[in-house]
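Trainee: start.txt (compact mmCIF, C-alpha atoms) pasted underneath:
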```
# COMPACT_ATOMS: atom_id res chain seq x y z
CA MET A 1 106.86 108.35 84.11
CA SER A 2 108.78 108.26 87.38
CA ASP A 3 106.49 110.91 88.85
CA PHE A 4 103.55 108.55 88.40
CA GLU A 5 105.09 105.47 90.06
CA VAL A 6 102.92 105.53 93.17
CA LEU A 7 103.88 102.05 94.39
CA ARG A 8 107.57 102.93 94.26
CA SER A 9 107.07 105.43 97.12
CA LEU A 10 104.44 103.35 98.91
CA SER A 11 106.20 101.18 101.47
CA PHE A 12 103.17 100.46 103.65
CA GLY A 13 101.57 97.15 102.76
CA GLN A 14 104.69 95.78 101.04
CA TYR A 15 106.09 92.54 102.49
CA LEU A 16 109.89 92.20 102.34
CA PRO A 17 111.02 88.60 103.08
CA ALA A 18 114.45 89.37 104.57
CA GLY A 19 114.63 86.27 106.77
CA SER A 20 115.51 88.28 109.88
CA PRO A 21 114.87 87.22 113.50
CA LEU A 22 111.74 89.39 113.49
CA HIS A 23 110.41 87.58 110.44
CA ARG A 24 110.77 84.24 112.23
CA LEU A 25 108.74 85.24 115.27
CA ASP A 26 105.21 84.01 115.82
CA PRO A 27 102.84 86.35 113.91
CA ARG A 28 100.86 86.95 117.11
CA VAL A 29 104.03 88.18 118.81
CA ARG A 30 104.90 90.44 115.88
CA LEU A 31 101.45 91.99 115.88
CA THR A 32 101.20 92.30 119.66
CA GLY A 33 104.69 93.76 120.06
CA ILE A 34 104.17 96.47 117.45
CA LEU A 35 100.73 97.34 118.82
CA LEU A 36 102.21 97.71 122.31
CA LEU A 37 104.94 100.03 121.03
CA MET A 38 102.37 102.09 119.14
CA LEU A 39 100.25 102.38 122.28
CA ALA A 40 103.26 103.53 124.30
CA LEU A 41 104.20 106.13 121.69
CA MET A 42 100.66 107.47 121.48
CA ALA A 43 100.47 107.82 125.27
CA CYS A 44 103.83 109.49 125.84
CA ALA A 45 104.12 113.27 125.74
CA ARG A 46 107.75 114.09 126.57
CA LEU A 47 110.05 115.02 123.71
CA THR A 48 112.95 112.91 124.96
CA ILE A 49 110.74 109.81 125.22
CA ALA A 50 109.43 110.39 121.69
CA PHE A 51 113.02 110.69 120.41
CA LEU A 52 114.03 107.47 122.18
CA GLY A 53 110.95 105.75 120.75
CA LEU A 54 111.85 106.81 117.22
CA THR A 55 115.42 105.61 117.77
CA LEU A 56 114.08 102.25 118.95
CA VAL A 57 111.89 101.95 115.85
CA LEU A 58 114.84 102.65 113.56
CA GLY A 59 116.79 100.01 115.46
CA LEU A 60 114.02 97.50 114.79
CA PHE A 61 114.34 98.18 111.07
CA GLY A 62 118.02 97.34 111.35
CA LEU A 63 117.18 94.13 113.22
CA ALA A 64 114.66 93.26 110.51
CA ARG A 65 117.35 93.78 107.81
CA LEU A 66 115.17 96.22 105.90
CA PRO A 67 116.58 98.99 103.67
CA LEU A 68 116.04 102.20 105.62
CA GLY A 69 116.09 104.40 102.51
CA TYR A 70 113.18 102.48 100.99
CA VAL A 71 111.19 102.77 104.21
CA LEU A 72 111.85 106.51 104.63
CA ARG A 73 110.70 107.16 101.06
CA GLY A 74 107.31 105.87 102.15
CA LEU A 75 106.97 108.87 104.48
CA ARG A 76 106.86 111.35 101.61
CA PRO A 77 103.14 110.86 100.83
CA LEU A 78 102.40 111.56 104.52
CA LEU A 79 104.27 114.88 104.67
CA PRO A 80 101.19 117.01 103.80
CA LEU A 81 99.21 115.26 106.55
CA PHE A 82 102.04 115.80 109.03
CA GLY A 83 102.24 119.48 108.10
CA PHE A 84 98.49 119.96 108.46
CA VAL A 85 98.45 118.36 111.91
CA LEU A 86 101.44 120.38 113.11
CA VAL A 87 99.95 123.68 111.93
CA LEU A 88 96.70 122.89 113.75
CA GLN A 89 98.70 122.02 116.86
CA LEU A 90 100.50 125.37 116.79
CA LEU A 91 97.31 127.34 116.19
CA LEU A 92 95.16 125.57 118.78
CA TYR A 93 97.78 125.24 121.50
CA PRO A 94 96.90 127.16 124.72
CA HIS A 95 99.79 129.60 124.39
CA GLY A 96 98.36 131.99 126.97
CA ALA A 97 98.40 129.39 129.72
CA ALA A 98 101.90 128.26 128.72
CA VAL A 99 103.23 131.84 128.86
CA ALA A 100 101.55 132.36 132.22
CA GLU A 101 103.39 129.30 133.51
CA GLY A 102 106.74 130.76 132.44
CA SER A 103 107.16 129.60 128.85
CA ALA A 104 108.99 132.07 126.58
CA VAL A 105 107.28 133.74 123.60
CA VAL A 106 109.13 132.72 120.43
CA TRP A 107 107.08 134.68 117.88
CA GLN A 108 104.07 136.98 118.03
CA TRP A 109 102.04 138.75 115.39
CA GLY A 110 99.01 140.55 116.76
CA PRO A 111 96.82 138.10 118.66
CA ILE A 112 98.75 135.12 117.26
CA LEU A 113 101.75 133.97 119.26
CA ILE A 114 103.99 130.93 119.36
CA SER A 115 105.41 129.82 122.70
CA ALA A 116 108.44 127.66 123.39
CA ALA A 117 106.26 125.05 125.08
CA SER A 118 104.16 124.70 121.92
CA LEU A 119 107.27 124.12 119.80
CA LEU A 120 108.44 121.36 122.14
CA ASP A 121 105.01 119.75 122.11
CA THR A 122 104.80 120.01 118.31
CA ALA A 123 108.23 118.41 117.93
CA SER A 124 107.12 115.56 120.20
CA ILE A 125 103.99 115.03 118.12
CA LEU A 126 106.03 115.00 114.90
CA LEU A 127 108.44 112.39 116.24
CA ARG A 128 105.59 110.23 117.46
CA MET A 129 103.70 110.45 114.16
CA VAL A 130 106.81 109.46 112.23
CA ALA A 131 107.52 106.58 114.63
CA ILE A 132 103.95 105.26 114.43
CA ALA A 133 103.95 105.46 110.62
CA LEU A 134 107.26 103.57 110.56
CA LEU A 135 105.87 100.94 112.94
CA LEU A 136 102.91 100.33 110.63
CA THR A 137 105.33 99.98 107.72
CA LEU A 138 107.47 97.60 109.78
CA LEU A 139 104.44 95.45 110.59
CA THR A 140 103.52 94.91 106.95
CA ALA A 141 107.20 94.46 105.99
CA ILE A 142 107.87 91.60 108.42
CA ALA A 143 104.42 89.96 108.28
CA ASP A 144 102.60 89.20 105.05
CA THR A 145 98.84 89.19 104.77
CA THR A 146 98.57 85.49 105.64
CA ASP A 147 100.60 85.98 108.81
CA LEU A 148 98.44 88.89 109.91
CA VAL A 149 95.25 86.95 109.26
CA HIS A 150 96.50 84.02 111.34
CA ALA A 151 97.64 86.42 114.08
CA VAL A 152 94.32 88.28 114.32
CA GLU A 153 92.27 85.11 114.16
CA GLY A 154 94.47 83.34 116.71
CA MET A 155 94.31 86.25 119.16
CA LEU A 156 90.54 86.61 118.82
CA ARG A 157 89.68 82.91 118.80
CA PRO A 158 89.19 82.73 122.62
CA LEU A 159 86.54 85.45 122.26
CA GLN A 160 84.45 83.34 119.92
CA ARG A 161 82.66 82.01 122.99
CA LEU A 162 81.26 85.53 123.32
CA HIS A 163 80.06 85.29 119.70
CA LEU A 164 82.82 87.55 118.40
CA PRO A 165 83.35 86.84 114.66
CA ALA A 166 87.11 86.27 114.81
CA HIS A 167 87.42 84.81 111.32
CA GLU A 168 85.39 87.59 109.73
CA LEU A 169 87.49 90.27 111.45
CA ALA A 170 90.69 88.59 110.27
CA LEU A 171 89.31 88.47 106.75
CA MET A 172 88.56 92.21 106.90
CA VAL A 173 92.19 92.88 107.86
CA ALA A 174 93.41 90.77 104.94
CA ILE A 175 91.14 92.49 102.43
CA THR A 176 92.15 95.94 103.69
CA LEU A 177 95.85 95.19 103.29
CA ARG A 178 95.28 93.65 99.87
CA PHE A 179 93.43 96.73 98.66
CA ILE A 180 96.24 99.19 99.48
CA PRO A 181 98.59 98.16 96.61
CA LEU A 182 95.59 97.64 94.32
CA LEU A 183 94.46 101.22 94.86
CA GLY A 184 98.03 102.38 94.35
CA ARG A 185 98.16 100.67 90.96
CA GLU A 186 94.76 102.09 90.07
CA LEU A 187 95.97 105.60 90.94
CA GLU A 188 99.04 105.06 88.75
CA ARG A 189 96.80 104.06 85.85
CA LEU A 190 94.61 107.15 86.29
CA LEU A 191 97.60 109.48 86.53
CA LYS A 192 99.19 108.10 83.37
CA ALA A 193 95.88 108.19 81.49
CA GLN A 194 95.28 111.82 82.46
CA ALA A 195 98.88 112.77 81.61
CA ALA A 196 98.46 111.19 78.17
CA ARG A 197 95.46 113.48 77.66
CA GLY A 198 97.49 116.59 78.51
CA ALA A 199 96.97 116.91 82.28
CA ASP A 200 99.95 118.41 84.13
CA PHE A 201 100.84 116.65 87.39
CA GLY A 202 104.57 117.40 87.17
CA ARG A 203 106.60 118.52 90.14
CA GLY A 204 107.85 122.06 90.34
CA ARG A 205 105.09 123.51 88.16
CA GLY A 206 102.60 125.36 90.31
CA ASN A 207 102.42 125.56 94.05
CA PHE A 208 101.36 122.83 96.44
CA PHE A 209 97.66 123.81 96.48
CA THR A 210 97.56 123.89 92.68
CA ARG A 211 98.85 120.33 92.50
CA ILE A 212 96.30 119.24 95.10
CA ARG A 213 93.52 120.86 93.06
CA ARG A 214 94.70 118.98 89.97
CA MET A 215 94.58 115.71 91.88
CA LEU A 216 91.05 116.14 93.27
CA PRO A 217 89.23 115.06 90.05
CA LEU A 218 90.95 111.67 90.35
CA LEU A 219 89.23 110.89 93.66
CA ILE A 220 85.88 110.05 92.07
CA PRO A 221 87.18 107.47 89.52
CA LEU A 222 89.48 106.03 92.21
CA PHE A 223 86.51 105.67 94.58
CA LEU A 224 84.43 104.04 91.84
CA ALA A 225 87.25 101.64 91.01
CA ALA A 226 87.48 100.63 94.67
CA LEU A 227 83.71 99.97 94.79
CA ARG A 228 83.90 97.94 91.59
CA ARG A 229 86.71 95.77 92.94
CA ALA A 230 84.84 95.30 96.22
CA GLU A 231 81.74 94.17 94.33
CA GLU A 232 83.78 91.73 92.23
CA LEU A 233 85.37 90.32 95.38
CA ALA A 234 81.98 89.87 97.07
CA LEU A 235 80.58 88.07 94.02
CA ALA A 236 83.65 85.80 93.85
CA MET A 237 83.35 84.90 97.55
CA GLU A 238 79.65 84.20 97.17
CA ALA A 239 80.23 82.04 94.09
CA ARG A 240 82.74 79.96 96.04
CA GLY A 241 80.26 79.35 98.84
CA TYR A 242 81.85 81.48 101.56
CA ALA A 243 79.54 81.56 104.58
CA GLY A 244 81.72 82.90 107.39
CA GLY A 245 84.04 81.20 109.81
CA ARG A 246 81.55 78.93 111.53
CA GLY A 247 82.54 75.29 111.14
CA ARG A 248 85.81 76.10 109.34
CA THR A 249 89.06 74.41 110.35
CA SER A 250 92.53 75.93 110.22
CA LEU A 251 95.40 74.52 108.19
CA VAL A 252 98.04 76.47 110.18
CA ARG A 253 98.45 75.79 113.91
CA LEU A 254 100.42 78.53 115.63
CA GLN A 255 102.77 77.44 118.42
CA MET A 256 104.83 79.71 120.65
CA ARG A 257 108.57 79.02 120.98
CA PRO A 258 111.00 80.27 123.65
CA ALA A 259 112.16 83.06 121.33
CA ASP A 260 108.55 84.18 120.96
CA PHE A 261 108.02 84.36 124.71
CA LEU A 262 111.27 86.31 125.08
CA ALA A 263 110.28 88.80 122.38
CA LEU A 264 106.84 89.26 123.95
CA ALA A 265 108.40 89.84 127.37
CA LEU A 266 110.80 92.42 125.91
CA SER A 267 107.88 94.22 124.23
CA LEU A 268 105.97 94.37 127.51
CA ALA A 269 109.06 95.56 129.39
CA ILE A 270 109.83 98.31 126.86
CA THR A 271 106.21 99.47 126.89
CA ALA A 272 106.16 99.62 130.68
CA LEU A 273 109.49 101.45 130.71
CA VAL A 274 108.19 104.08 128.28
CA PHE A 275 105.13 104.66 130.46
CA PHE A 276 107.24 104.96 133.62
CA LEU A 277 109.73 107.35 132.04
CA ASP A 278 107.01 109.51 130.52
CA ARG A 279 105.11 109.79 133.79
CA GLY A 280 108.28 110.76 135.62
CA VAL A 281 108.17 107.66 137.84
CA MET A 282 111.74 106.87 136.81
CA PRO A 283 114.38 109.55 136.17
CA LEU A 284 115.46 109.97 132.55
```
If you convert what's in this file into structure tokens, what do you get?
Mentor:
Amino acid sequence: MSDFEVLRSLSFGQYLPAGSPLHRLDPRVRLTGILLLMLALMACARLTIAFLGLTLVLGLFGLARLPLGYVLRGLRPLLPLFGFVLVLQLLLYPHGAAVAEGSAVVWQWGPILISAASLLDTASILLRMVAIALLLTLLTAIADTTDLVHAVEGMLRPLQRLHLPAHELALMVAITLRFIPLLGRELERLLKAQAARGADFGRGRGNFFTRIRRMLPLLIPLFLAALRRAEELALAMEARGYAGGRGRTSLVRLQMRPADFLALALSLAITALVFFLDRGVMPL
């Protein structure tokens, strides 16, 4: 049954209480710092900057005292998505303009060609996608759902004067994160039930597209299970008298410490440095 243990390879959404310095930071700092790093990685385009960003992310996992092997296993479900994006990038890249600017032709078959510039750009995109996926995993590993709810609500509370529903948005974040492991367990149950009825989802039997085709019939019951759980949650909230965040008080009062200000300043400095290096303002 190891092939059907979905949650074993799903690291996103799993909180790991390692007691590291990152775990002890204010949840607003944890959320803000990771969002800033994600923004910097999405904006950068140079391969060297993307490699340095990925190295920095792996260093943060070491600082958070998280098992790197467990985290990297969580990338396996994303490999088909990564491959699809990279193939589209190679096919849609303006190779003609790159060759006209002096880029070498690596491979050509009729009207289809692959330039050296496209390979460098594709490698940069791959490194950035991996780094961003790892950052999302890091966020949920060092901050549980309660921390993220307090962080989102605390950051959006000043905007309540503009009638922004801060509490409702924080609740949406909490529900979304709660549903990820629930859907993983539901998918495990469906896979095991179908395997008991003779369905073949084993690895190594059939090509990749055949396995995908065998998985497609599970999408409808998985979608229905998600809707059923959402309806049960809505009924439970209504039965308990939930009426939004208006008039509600908060049990937890977040307070910034000197370590939090230092971590926030480092996040801002690293983000600015990545932007400067990528734009060529500072030599690399």
Trainee: So how many Å separate CA of Gly154 in chain A and CA of Thr32 in chain A, to one decimal?
Mentor: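 These two atoms are separated by 11.6 Å.
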Trainee: For range 237-246 of chain A, please output as a PyMOL selection string all residues within 9 Å (counting all atoms listed in the file; exclusion window: fewer than 2 positions along the same chain).
Mentor: chain A and resi 165-168+232-235+248-249
Trainee: Closest to Leu68 in chain A among A:Ala141, A:Leu126, A:Ala104, A:Leu22, using all atoms listed in the file?
Mentor: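 Checking each candidate against Leu68 in chain A, we get A:Ala141 as the closest.
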Trainee: Calculate how many Å separate CA of Arg229 in chain A from CA of Val173 in chain A, rounding to one decimal.
Mentor: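 Spanning CA of Arg229 in chain A to CA of Val173 in chain A is a straight-line distance of 16.2 Å.
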Trainee: What's the 10 Å shell around range 41-54 of chain A, counting all atoms listed in the file, without same-chain residues fewer than 4 positions away, as a PyMOL selection string?
Mentor: chain A and resi 35-37+58-60+120-132+134-135+270-271+274-280+284
Trainee: Tell me, in Å to one decimal, how far CA of Leu78 in chain A is from CA of Phe179 in chain A.
Mentor: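 Between these atoms lies a distance of 18.3 Å.
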Trainee: Mind listing whatever residues come within 9 Å of the point (100.9, 89.5, 118.5)? Use only C-alpha atoms, file coordinates, and give them as a list in words.
Mentor: Asp26, Pro27, Arg28, Val29, Arg30, Leu31, Thr32, Gly33, Ile34, Leu35, Leu148, Ala151, Val152, Met155 and Leu264 of chain A
